[in-house]
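Okay, target03.json is below, JSON, C-alpha atoms and all ligand atoms:
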[["chain", "number", "residue", "atom", "x", "y", "z"],
["G", 1, "MET", "CA", 32.71, -23.64, 10.16],
["G", 2, "ARG", "CA", 32.24, -20.13, 8.96],
["G", 3, "ALA", "CA", 28.49, -20.60, 8.53],
["G", 4, "LEU", "CA", 28.31, -20.90, 12.30],
["G", 5, "MET", "CA", 29.45, -17.33, 12.88],
["G", 6, "SER", "CA", 26.74, -15.57, 14.80],
["G", 7, "ILE", "CA", 25.66, -12.29, 13.29],
["G", 8, "ASP", "CA", 22.31, -10.58, 13.06],
["G", 9, "SER", "CA", 21.80, -7.23, 11.46],
["G", 10, "GLY", "CA", 18.99, -5.00, 10.33],
["G", 11, "PRO", "CA", 17.74, -4.90, 6.74],
["G", 12, "GLY", "CA", 20.34, -3.57, 4.35],
["G", 13, "PHE", "CA", 19.75, -1.21, 1.47],
["G", 14, "TRP", "CA", 20.17, -3.88, -1.21],
["G", 15, "LEU", "CA", 19.43, -7.13, 0.55],
["G", 16, "PRO", "CA", 16.92, -8.38, 3.14],
["G", 17, "ARG", "CA", 17.79, -8.55, 6.81],
["G", 18, "GLN", "CA", 20.46, -11.13, 7.69],
["G", 19, "SER", "CA", 18.62, -13.42, 10.08],
["G", 20, "SER", "CA", 20.52, -16.68, 10.00],
["G", 21, "THR", "CA", 24.16, -17.60, 10.46],
["G", 22, "THR", "CA", 24.24, -18.44, 6.74],
["G", 23, "ALA", "CA", 23.22, -14.93, 5.63],
["G", 24, "PRO", "CA", 26.47, -13.01, 6.41],
["G", 25, "VAL", "CA", 28.73, -15.57, 4.71],
["G", 26, "VAL", "CA", 26.55, -15.74, 1.60],
["G", 27, "ASP", "CA", 26.38, -11.95, 1.48],
["G", 28, "HIS", "CA", 30.14, -11.71, 1.93],
["G", 29, "VAL", "CA", 30.76, -13.71, -1.26],
["G", 30, "PHE", "CA", 27.98, -11.88, -3.11],
["G", 31, "HIS", "CA", 29.38, -8.46, -2.17],
["G", 32, "ALA", "CA", 32.97, -9.49, -2.93],
["G", 33, "VAL", "CA", 32.10, -10.66, -6.46],
["G", 34, "THR", "CA", 29.88, -7.62, -7.09],
["G", 35, "ASN", "CA", 32.52, -5.15, -5.85],
["G", 36, "ILE", "CA", 35.32, -6.75, -7.87],
["G", 37, "SER", "CA", 33.08, -6.55, -10.97],
["G", 38, "ILE", "CA", 32.28, -2.88, -10.32],
["G", 39, "PHE", "CA", 35.97, -2.06, -9.76],
["G", 40, "PHE", "CA", 37.09, -3.64, -13.05],
["G", 41, "PHE", "CA", 34.13, -2.21, -14.95],
["G", 42, "LEU", "CA", 35.11, 1.29, -13.88],
["G", 43, "LEU", "CA", 38.86, 0.71, -14.39],
["G", 44, "ILE", "CA", 38.45, -0.70, -17.90],
["G", 45, "THR", "CA", 35.86, 1.90, -18.97],
["G", 46, "ALA", "CA", 38.01, 4.78, -17.69],
["G", 47, "THR", "CA", 41.12, 3.42, -19.44],
["G", 48, "LEU", "CA", 39.14, 2.99, -22.65],
["G", 49, "LEU", "CA", 37.86, 6.55, -22.57],
["G", 50, "TYR", "CA", 41.35, 7.88, -21.76],
["G", 51, "PHE", "CA", 42.91, 6.00, -24.70],
["G", 52, "ILE", "CA", 40.17, 7.17, -27.06],
["G", 53, "TRP", "CA", 41.04, 10.71, -26.13],
["G", 54, "LYS", "CA", 44.82, 10.29, -26.02],
["G", 55, "TYR", "CA", 45.15, 8.48, -29.38],
["G", 56, "ARG", "CA", 42.48, 10.41, -31.24],
["G", 57, "ALA", "CA", 43.21, 11.25, -34.87],
["G", 58, "ARG", "CA", 44.46, 14.79, -35.31],
["G", 59, "PRO", "CA", 46.35, 16.75, -38.00],
["G", 60, "GLY", "CA", 50.07, 16.04, -38.13],
["G", 61, "HIS", "CA", 49.84, 12.68, -36.34],
["G", 62, "GLU", "CA", 50.90, 9.54, -38.18],
["G", 63, "ALA", "CA", 49.36, 6.21, -37.14],
["G", 64, "GLN", "CA", 52.07, 4.01, -35.51],
["G", 65, "PRO", "CA", 52.13, 0.21, -35.74],
["G", 66, "SER", "CA", 51.29, -1.43, -32.37],
["G", 67, "PRO", "CA", 54.07, -3.32, -30.60],
["G", 68, "THR", "CA", 53.34, -7.06, -31.07],
["G", 69, "HIS", "CA", 54.52, -8.20, -27.69],
["G", 70, "ASN", "CA", 55.03, -6.91, -24.13],
["G", 71, "THR", "CA", 55.96, -9.81, -21.85],
["G", 72, "PRO", "CA", 55.88, -8.04, -18.43],
["G", 73, "LEU", "CA", 52.46, -6.51, -19.25],
["G", 74, "GLU", "CA", 51.00, -9.82, -20.42],
["G", 75, "ILE", "CA", 52.26, -11.68, -17.36],
["G", 76, "THR", "CA", 50.74, -9.01, -15.13],
["G", 77, "TRP", "CA", 47.32, -9.05, -16.76],
["G", 78, "THR", "CA", 47.25, -12.84, -16.62],
["G", 79, "PHE", "CA", 48.60, -13.33, -13.11],
["G", 80, "ILE", "CA", 46.36, -10.80, -11.31],
["G", 81, "PRO", "CA", 43.04, -12.12, -12.75],
["G", 82, "VAL", "CA", 44.10, -15.72, -12.06],
["G", 83, "VAL", "CA", 44.72, -14.88, -8.40],
["G", 84, "ILE", "CA", 41.36, -13.07, -8.19],
["G", 85, "VAL", "CA", 39.43, -15.90, -9.86],
["G", 86, "LEU", "CA", 41.08, -18.53, -7.63],
["G", 87, "TRP", "CA", 40.22, -16.45, -4.57],
["G", 88, "ILE", "CA", 36.56, -16.18, -5.71],
["G", 89, "PHE", "CA", 36.50, -19.95, -6.29],
["G", 90, "TRP", "CA", 37.92, -20.64, -2.84],
["G", 91, "GLU", "CA", 35.48, -18.29, -1.08],
["G", 92, "GLY", "CA", 32.51, -19.66, -3.02],
["G", 93, "PHE", "CA", 33.52, -23.29, -2.60],
["G", 94, "THR", "CA", 34.13, -23.17, 1.16],
["G", 95, "VAL", "CA", 30.87, -21.29, 1.75],
["G", 96, "PHE", "CA", 28.99, -23.72, -0.51],
["G", 97, "VAL", "CA", 30.36, -26.70, 1.44],
["G", 98, "ASP", "CA", 29.38, -25.04, 4.74],
["G", 99, "ILE", "CA", 25.84, -24.18, 3.71],
["G", 100, "SER", "CA", 25.17, -27.57, 2.15],
["G", 101, "THR", "CA", 26.47, -29.64, 5.09],
["G", 102, "PRO", "CA", 24.16, -29.62, 8.11],
["G", 103, "PRO", "CA", 25.96, -30.11, 11.45],
["G", 104, "ALA", "CA", 25.50, -33.67, 12.75],
["G", 105, "SER", "CA", 23.68, -32.33, 15.83],
["G", 106, "ALA", "CA", 21.02, -30.53, 13.76],
["G", 107, "TYR", "CA", 17.36, -30.73, 14.80],
["G", 108, "GLU", "CA", 15.39, -32.37, 12.03],
["G", 109, "VAL", "CA", 12.06, -31.34, 10.53],
["G", 110, "GLN", "CA", 10.57, -33.14, 7.51],
["G", 111, "LEU", "CA", 9.11, -31.17, 4.63],
["G", 112, "THR", "CA", 6.61, -32.17, 1.98],
["G", 113, "ALA", "CA", 6.04, -29.71, -0.83],
["G", 114, "GLN", "CA", 2.99, -29.98, -3.04],
["G", 115, "LYS", "CA", 0.68, -27.76, -5.09],
["G", 116, "TRP", "CA", 0.38, -25.35, -3.34],
["G", 117, "ASN", "CA", 1.49, -25.59, 0.22],
["G", 118, "TRP", "CA", 4.30, -26.64, 2.49],
["G", 119, "LEU", "CA", 3.80, -29.30, 5.11],
["G", 120, "PHE", "CA", 6.29, -29.65, 7.95],
["G", 121, "THR", "CA", 6.37, -32.84, 10.01],
["G", 122, "TYR", "CA", 7.89, -32.58, 13.48],
["G", 123, "PRO", "CA", 9.59, -35.35, 15.49],
["G", 124, "THR", "CA", 6.29, -36.01, 17.34],
["G", 125, "GLY", "CA", 4.53, -36.74, 14.04],
["G", 126, "TYR", "CA", 2.62, -33.46, 14.20],
["G", 127, "THR", "CA", 2.31, -31.64, 10.88],
["G", 128, "ASP", "CA", 1.91, -27.93, 10.30],
["G", 129, "THR", "CA", 1.95, -25.59, 7.30],
["G", 130, "ASP", "CA", 4.43, -23.29, 9.06],
["G", 131, "LEU", "CA", 7.94, -24.11, 10.17],
["G", 132, "HIS", "CA", 8.44, -23.60, 13.92],
["G", 133, "VAL", "CA", 11.97, -23.86, 15.30],
["G", 134, "PRO", "CA", 13.90, -23.25, 18.51],
["G", 135, "PRO", "CA", 16.42, -20.36, 18.40],
["G", 136, "GLY", "CA", 20.19, -20.75, 18.23],
["G", 137, "GLU", "CA", 20.14, -24.35, 17.07],
["G", 138, "PRO", "CA", 21.03, -25.78, 13.67],
["G", 139, "ILE", "CA", 17.84, -26.96, 11.93],
["G", 140, "ARG", "CA", 17.91, -29.53, 9.15],
["G", 141, "VAL", "CA", 14.93, -29.49, 6.81],
["G", 142, "VAL", "CA", 14.70, -32.76, 4.88],
["G", 143, "GLY", "CA", 12.13, -32.66, 2.17],
["G", 144, "THR", "CA", 10.68, -33.92, -1.04],
["G", 145, "ALA", "CA", 7.94, -32.89, -3.43],
["G", 146, "VAL", "CA", 4.78, -34.82, -4.21],
["G", 147, "ASP", "CA", 4.00, -33.51, -7.68],
["G", 148, "VAL", "CA", 6.41, -31.10, -9.37],
["G", 149, "ILE", "CA", 9.60, -29.27, -8.37],
["G", 150, "HIS", "CA", 9.09, -26.61, -5.70],
["G", 151, "SER", "CA", 11.82, -24.48, -4.16],
["G", 152, "PHE", "CA", 12.02, -23.80, -0.44],
["G", 153, "PHE", "CA", 13.25, -20.22, -0.11],
["G", 154, "VAL", "CA", 13.72, -18.07, 3.00],
["G", 155, "PRO", "CA", 15.24, -14.79, 1.78],
["G", 156, "GLU", "CA", 16.18, -13.49, 5.25],
["G", 157, "PHE", "CA", 18.09, -16.72, 5.93],
["G", 158, "ARG", "CA", 19.68, -16.84, 2.42],
["G", 159, "VAL", "CA", 18.46, -20.44, 2.23],
["G", 160, "LYS", "CA", 17.07, -21.82, -1.00],
["G", 161, "ARG", "CA", 16.72, -25.46, -1.92],
["G", 162, "ASP", "CA", 14.72, -27.19, -4.65],
["G", 163, "MET", "CA", 12.37, -29.92, -3.47],
["G", 164, "VAL", "CA", 12.28, -32.60, -6.16],
["G", 165, "PRO", "CA", 9.75, -35.44, -6.57],
["G", 166, "GLY", "CA", 11.25, -38.87, -5.97],
["G", 167, "ARG", "CA", 14.28, -37.82, -3.93],
["G", 168, "TYR", "CA", 15.20, -36.17, -0.64],
["G", 169, "GLU", "CA", 16.75, -32.74, -0.47],
["G", 170, "GLU", "CA", 18.13, -31.03, 2.60],
["G", 171, "ALA", "CA", 18.53, -27.46, 3.69],
["G", 172, "TRP", "CA", 19.84, -26.21, 7.00],
["G", 173, "PHE", "CA", 20.09, -22.95, 8.93],
["G", 174, "ARG", "CA", 20.58, -21.55, 12.38],
["G", 175, "ALA", "CA", 18.50, -18.53, 13.37],
["G", 176, "ASP", "CA", 19.31, -16.71, 16.60],
["G", 177, "THR", "CA", 16.71, -13.94, 16.58],
["G", 178, "PRO", "CA", 13.12, -14.87, 17.50],
["G", 179, "GLY", "CA", 10.53, -13.70, 15.01],
["G", 180, "SER", "CA", 8.62, -14.68, 11.88],
["G", 181, "TYR", "CA", 10.27, -14.98, 8.50],
["G", 182, "GLN", "CA", 8.63, -15.47, 5.12],
["G", 183, "ILE", "CA", 8.99, -18.71, 3.15],
["G", 184, "PHE", "CA", 8.41, -18.48, -0.61],
["G", 185, "CYS", "CA", 8.30, -21.04, -3.37],
["G", 186, "ALA", "CA", 11.03, -20.03, -5.80],
["G", 187, "GLU", "CA", 10.29, -22.48, -8.63],
["G", 188, "TYR", "CA", 7.29, -21.90, -10.88],
["G", 189, "CYS", "CA", 4.93, -24.79, -10.08],
["G", 190, "GLY", "CA", 1.56, -23.89, -11.55],
["G", 191, "LYS", "CA", -1.42, -21.63, -11.07],
["G", 192, "ASP", "CA", -0.99, -20.76, -7.38],
["G", 193, "HIS", "CA", 2.82, -20.72, -7.28],
["G", 194, "SER", "CA", 2.87, -17.12, -6.08],
["G", 195, "ALA", "CA", 0.51, -17.98, -3.22],
["G", 196, "MET", "CA", 2.64, -20.89, -2.04],
["G", 197, "LYS", "CA", 3.86, -19.15, 1.09],
["G", 198, "ALA", "CA", 4.47, -20.05, 4.72],
["G", 199, "MET", "CA", 6.36, -18.67, 7.70],
["G", 200, "VAL", "CA", 9.37, -19.75, 9.73],
["G", 201, "VAL", "CA", 8.59, -18.99, 13.35],
["G", 202, "VAL", "CA", 11.72, -18.78, 15.51],
["G", 203, "HIS", "CA", 10.52, -19.19, 19.10],
["G", 204, "PRO", "CA", 11.99, -17.07, 21.94],
["G", 205, "SER", "CA", 13.46, -20.14, 23.66],
["G", 206, "LYS", "CA", 13.85, -23.88, 23.35],
["G", 207, "ASP", "CA", 11.32, -24.34, 26.19],
["G", 208, "ASP", "CA", 8.78, -22.16, 24.44],
["G", 209, "TYR", "CA", 9.23, -24.21, 21.26],
["G", 210, "GLU", "CA", 8.85, -27.52, 23.13],
["G", 211, "LYS", "CA", 5.67, -26.23, 24.78],
["G", 212, "TRP", "CA", 4.24, -25.11, 21.43],
["G", 213, "LEU", "CA", 5.01, -28.50, 19.89],
["G", 214, "ALA", "CA", 3.42, -30.44, 22.76],
["G", 215, "ASP", "CA", 0.25, -28.31, 22.58],
["G", 216, "ALA", "CA", 0.02, -28.35, 18.82],
["G", 217, "SER", "CA", 0.68, -32.10, 18.55],
["G", 218, "ASP", "CA", -2.29, -32.81, 20.72],
["G", 219, "PHE", "CA", -4.94, -30.33, 19.68],
["G", 220, "ILE", "CA", -7.35, -32.68, 17.88],
["G", 221, "ALA", "CA", -7.03, -35.42, 20.52],
["G", 222, "LYS", "CA", -7.73, -32.91, 23.31],
["G", 223, "LEU", "CA", -10.87, -31.43, 21.75],
["G", 224, "PRO", "CA", -14.18, -32.58, 23.24],
["G", 225, "PRO", "CA", -16.47, -34.20, 20.60],
["G", 226, "GLU", "CA", -18.82, -31.19, 20.44],
["G", 227, "ARG", "CA", -15.90, -28.94, 19.46],
["G", 228, "LEU", "CA", -14.46, -31.24, 16.79],
["G", 229, "ALA", "CA", -15.62, -28.88, 14.02],
["G", 230, "GLU", "CA", -13.19, -26.23, 15.36],
["G", 231, "GLY", "CA", -10.39, -28.73, 14.94],
["G", 232, "GLY", "CA", -11.69, -29.38, 11.42],
["G", 233, "GLU", "CA", -11.52, -25.66, 10.64],
["G", 234, "LYS", "CA", -7.92, -25.55, 11.82],
["G", 235, "LEU", "CA", -7.04, -28.59, 9.69],
["G", 236, "TYR", "CA", -8.83, -26.98, 6.74],
["G", 237, "LYS", "CA", -6.45, -24.01, 7.00],
["G", 238, "GLN", "CA", -3.33, -25.98, 7.94],
["G", 239, "ARG", "CA", -3.42, -28.94, 5.61],
["G", 240, "GLY", "CA", -3.91, -27.10, 2.37],
["G", 241, "CYS", "CA", -7.68, -27.70, 1.82],
["G", 242, "LYS", "CA", -8.08, -23.92, 1.86],
["G", 243, "GLN", "CA", -5.88, -23.40, -1.21],
["G", 244, "CYS", "CA", -8.41, -25.15, -3.48],
["G", 245, "HIS", "CA", -11.77, -25.35, -1.65],
["G", 246, "SER", "CA", -13.48, -22.09, -0.71],
["G", 247, "ILE", "CA", -16.01, -21.78, 2.10],
["G", 248, "ASP", "CA", -17.98, -18.94, 0.49],
["G", 249, "GLY", "CA", -19.39, -20.83, -2.52],
["G", 250, "SER", "CA", -16.88, -19.55, -5.06],
["G", 251, "ALA", "CA", -15.36, -22.20, -7.32],
["G", 252, "GLY", "CA", -11.62, -22.74, -6.91],
["G", 253, "THR", "CA", -9.38, -25.52, -8.15],
["G", 254, "GLY", "CA", -11.86, -27.79, -6.34],
["G", 255, "PRO", "CA", -15.54, -27.48, -5.39],
["G", 256, "SER", "CA", -16.47, -25.05, -2.61],
["G", 257, "PHE", "CA", -17.29, -26.59, 0.80],
["G", 258, "LYS", "CA", -20.21, -24.22, 1.30],
["G", 259, "GLY", "CA", -23.55, -25.98, 1.10],
["G", 260, "LEU", "CA", -21.78, -29.21, 0.17],
["G", 261, "TRP", "CA", -23.11, -31.38, 2.97],
["G", 262, "GLY", "CA", -26.18, -33.49, 2.06],
["G", 263, "HIS", "CA", -26.00, -32.24, -1.52],
["G", 264, "ASP", "CA", -25.94, -34.52, -4.60],
["G", 265, "GLN", "CA", -22.72, -34.01, -6.57],
["G", 266, "PRO", "CA", -22.76, -34.72, -10.34],
["G", 267, "LEU", "CA", -19.61, -36.70, -11.19],
["G", 268, "GLU", "CA", -17.32, -36.52, -14.18],
["G", 269, "GLY", "CA", -18.35, -39.27, -16.62],
["G", 270, "GLY", "CA", -21.93, -39.38, -15.37],
["G", 271, "GLY", "CA", -23.52, -40.43, -12.12],
["G", 272, "VAL", "CA", -24.21, -38.62, -8.89],
["G", 273, "ALA", "CA", -22.69, -38.93, -5.41],
["G", 274, "HIS", "CA", -24.53, -38.07, -2.23],
["G", 275, "VAL", "CA", -22.31, -36.02, 0.11],
["G", 276, "ASP", "CA", -22.22, -37.92, 3.39],
["G", 277, "GLU", "CA", -19.46, -39.11, 5.74],
["G", 278, "ASN", "CA", -18.26, -41.85, 3.41],
["G", 279, "TYR", "CA", -18.22, -39.57, 0.38],
["G", 280, "VAL", "CA", -16.02, -37.01, 2.18],
["G", 281, "ARG", "CA", -13.73, -39.70, 3.55],
["G", 282, "GLN", "CA", -13.36, -41.30, 0.12],
["G", 283, "SER", "CA", -12.66, -37.89, -1.46],
["G", 284, "ILE", "CA", -9.83, -37.33, 1.01],
["G", 285, "VAL", "CA", -8.10, -40.72, 0.85],
["G", 286, "ASP", "CA", -8.73, -41.47, -2.83],
["G", 287, "PRO", "CA", -9.74, -38.21, -4.53],
["G", 288, "HIS", "CA", -9.44, -39.52, -8.07],
["G", 289, "SER", "CA", -12.10, -42.18, -7.52],
["G", 290, "GLN", "CA", -14.89, -39.60, -7.79],
["G", 291, "ILE", "CA", -14.11, -36.43, -9.71],
["G", 292, "VAL", "CA", -16.84, -33.81, -9.50],
["G", 293, "ALA", "CA", -18.10, -32.76, -12.96],
["G", 294, "GLY", "CA", -16.27, -29.70, -14.26],
["G", 295, "PHE", "CA", -13.11, -30.15, -12.14],
["G", 296, "GLN", "CA", -9.65, -31.54, -12.89],
["G", 297, "PRO", "CA", -8.23, -34.61, -11.09],
["G", 298, "VAL", "CA", -5.45, -32.63, -9.38],
["G", 299, "MET", "CA", -5.96, -33.31, -5.66],
["G", 300, "PRO", "CA", -3.26, -35.43, -4.01],
["G", 301, "SER", "CA", -4.34, -38.31, -1.76],
["G", 302, "PHE", "CA", -4.22, -37.71, 1.98],
["G", 303, "GLN", "CA", -4.16, -41.42, 2.75],
["G", 304, "GLY", "CA", -1.93, -41.94, 5.80],
["G", 305, "ARG", "CA", -1.45, -38.20, 6.20],
["G", 306, "LEU", "CA", -4.70, -37.52, 8.04],
["G", 307, "LYS", "CA", -5.67, -39.63, 11.02],
["G", 308, "ASP", "CA", -9.24, -40.96, 11.27],
["G", 309, "ARG", "CA", -10.11, -38.48, 13.97],
["G", 310, "GLU", "CA", -8.79, -35.65, 11.79],
["G", 311, "ILE", "CA", -10.98, -36.78, 8.89],
["G", 312, "THR", "CA", -13.94, -36.87, 11.28],
["G", 313, "ALA", "CA", -13.08, -33.33, 12.39],
["G", 314, "LEU", "CA", -13.07, -32.16, 8.76],
["G", 315, "ILE", "CA", -16.45, -33.83, 8.18],
["G", 316, "GLU", "CA", -17.84, -32.05, 11.25],
["G", 317, "TYR", "CA", -16.46, -28.76, 9.93],
["G", 318, "ILE", "CA", -18.01, -29.26, 6.44],
["G", 319, "LYS", "CA", -21.34, -29.97, 8.15],
["G", 320, "THR", "CA", -21.24, -26.48, 9.71],
["G", 321, "LEU", "CA", -20.83, -24.77, 6.31],
["G", 322, "GLN", "CA", -24.46, -24.69, 5.25],
["G", 401, "LIG", "CU1", 5.64, -24.46, -5.45],
["G", 401, "LIG", "CU2", 6.18, -22.67, -6.93]]

Could I get this file's structure written as structure tokens?
Amino acid sequence: MRALMSIDSGPGFWLPRQSSTTAPVVDHVFHAVTNISIFFFLLITATLLYFIWKYRARPGHEAQPSPTHNTPLEITWTFIPVVIVLWIFWEGFTVFVDISTPPASAYEVQLTAQKWNWLFTYPTGYTDTDLHVPPGEPIRVVGTAVDVIHSFFVPEFRVKRDMVPGRYEEAWFRADTPGSYQIFCAEYCGKDHSAMKAMVVVHPSKDDYEKWLADASDFIAKLPPERLAEGGEKLYKQRGCKQCHSIDGSAGTGPSFKGLWGHDQPLEGGGVAHVDENYVRQSIVDPHSQIVAGFQPVMPSFQGRLKDREITALIEYIKTLQ
């Protein structure tokens, strides 16, 4: 497979750095099509200008009728473009097949896209808002969207794949150079579309990646009870709470967490809820059951996506935000 060629280069003048094995093959087709277009643009424009000058009207010149037919010329200008177009098709098709077919041995990470964050689920069941991967190994990202179409885009890898509600989509890449690479959402998905960003972290070695995964998978379980709020803070940043709930009192898409604990919340449609453990838990697993007055019912349910101890950690964290 050509997509398995190993190349890494610095940032180019026109395009971002090529940091996956997909990047050089995609760029090859892109440059070929662009250069062919530039060549014919210049050739045709120059010929046009030359003919305008050569056949200009001038005194003593009679207009001649054009010849109706020139078989060798017509065969030439049909045959050459057909060969070029078939070549472009072949290059594009083989590269497309390569970049849309993950190798069978690929390491798999699940992706859930939602307004407005990415959530990656690793083989241990650990979830993170960034994508961590070992170097030099094909990675298969299998994902779906919860609400609307989002598009998983890593410019330096030349990988872009729409994540569509109700079906699974897959993207794959192999990155050989350790480092951090930006993930964007490339499909307009609402108010915070432009802030829907994450990173791909390519670890220096497979061992380093395995160690990171083991540590990360266990961080809430390993925290002593008195430090659970720290775990809650980490979850707040990692699981997408941060995108909608501020901790400084400013209103976002959802109510701020500051000063929330012990407070009475007026609800949409009348009534008041007292903010205690059960209120927070209910708001996380079934957010639409109690919409705070003045806010839209846009929060997705986290039922089954946060463990009990993680919900407890978030409650402990909210308690600290007085
Ligand atoms: Cu998600 Cu744009």

Across G:Ile183, G:Ala293, G:Leu119, G:Met196, the smallest distance to ligand LIG 401 (chain G), with only C-alpha atoms and all ligand atoms counted, is shown by G:Met196

All residues 8 Å or closer to Phe173 (chain G), only C-alpha atoms, same chain fewer than 5 positions away omitted, as a PDB file with C-alpha atoms, in the frame of the given file:
ATOM      1  CA  SER G  20      20.520 -16.680  10.000  1.00  0.00           C
ATOM      2  CA  THR G  21      24.160 -17.600  10.460  1.00  0.00           C
ATOM      3  CA  THR G  22      24.240 -18.440   6.740  1.00  0.00           C
ATOM      4  CA  ILE G  99      25.840 -24.180   3.710  1.00  0.00           C
ATOM      5  CA  PRO G 102      24.160 -29.620   8.110  1.00  0.00           C
ATOM      6  CA  PRO G 138      21.030 -25.780  13.670  1.00  0.00           C
ATOM      7  CA  ILE G 139      17.840 -26.960  11.930  1.00  0.00           C
ATOM      8  CA  ARG G 140      17.910 -29.530   9.150  1.00  0.00           C
ATOM      9  CA  PHE G 157      18.090 -16.720   5.930  1.00  0.00           C
ATOM     10  CA  VAL G 159      18.460 -20.440   2.230  1.00  0.00           C
TER      11      VAL G 159
END

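Using all atoms listed in the file, the shortest contact distance between ligand LIG 401 (chain G) and any of G:Phe152, G:Trp53, G:Tyr209, G:Phe219 is found at G:Phe152.
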
Could you tell me, counting only C-alpha atoms and all ligand atoms, which protein and nucleic acid residues lie no more than 10 Å from ligand LIG 401 (chain G), written as a PyMOL selection string? chain G and resi 113-118+145+147-152+162-163+184-197

Need the shell around Glu268 (chain G): protein/DNA/RNA residues with any atom at most 9 Å away, counting only C-alpha atoms. Skip same-chain ones fewer than 3 positions apart. Format as a PyMOL selection string? chain G and resi 271-272+290-295

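Counting all atoms listed in the file and comparing G:Gln303, G:Thr320, G:Gln282, G:Ser256, the residue that lies closest to Gly232 (chain G) is G:Thr320.
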
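CA of Thr68 (chain G) sits 19.9 Å away from CA of Thr47 (chain G).
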
Separating CA of Val29 (chain G) from CA of Ile84 (chain G), to the nearest tenth of an Å, is a gap of 12.7 Å

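Of the residues under consideration (G:Thr127, G:Ser100, G:Ile52, G:Phe120), G:Ser100 shows the shortest atom-to-atom contact distance to Glu169 (chain G) when counting only C-alpha atoms.
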
Return as JSON lines the residues of region 198-269 of chain G lying at most 6 Å from region 311-316 of chain G, together with the closest atom-to-atom pair for each and the distance in Å to one decimal, counting all atoms listed in the file, with rows in chain order and ascending residue number.
{"residue": "G:Leu228", "atom": "CA", "partner": "G:Ala313", "partner_atom": "CA", "distance": 5.1}
{"residue": "G:Ala229", "atom": "CA", "partner": "G:Glu316", "partner_atom": "CA", "distance": 4.8}
{"residue": "G:Gly231", "atom": "CA", "partner": "G:Ala313", "partner_atom": "CA", "distance": 5.9}
{"residue": "G:Gly232", "atom": "CA", "partner": "G:Leu314", "partner_atom": "CA", "distance": 4.1}

Item checked: Contact residues around Val133 (chain G) with all atoms listed in the file at 9 Å, ignoring same-chain residues under 3 positions, as a ChimeraX atom specification -> /G:107,109,137,139,175,200-203,206,209

**Asked** CA of Gly92 (chain G) and CA of Tyr168 (chain G), how far apart in Å?
**Response**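 Here the two named atoms are 24.0 Å from each other.
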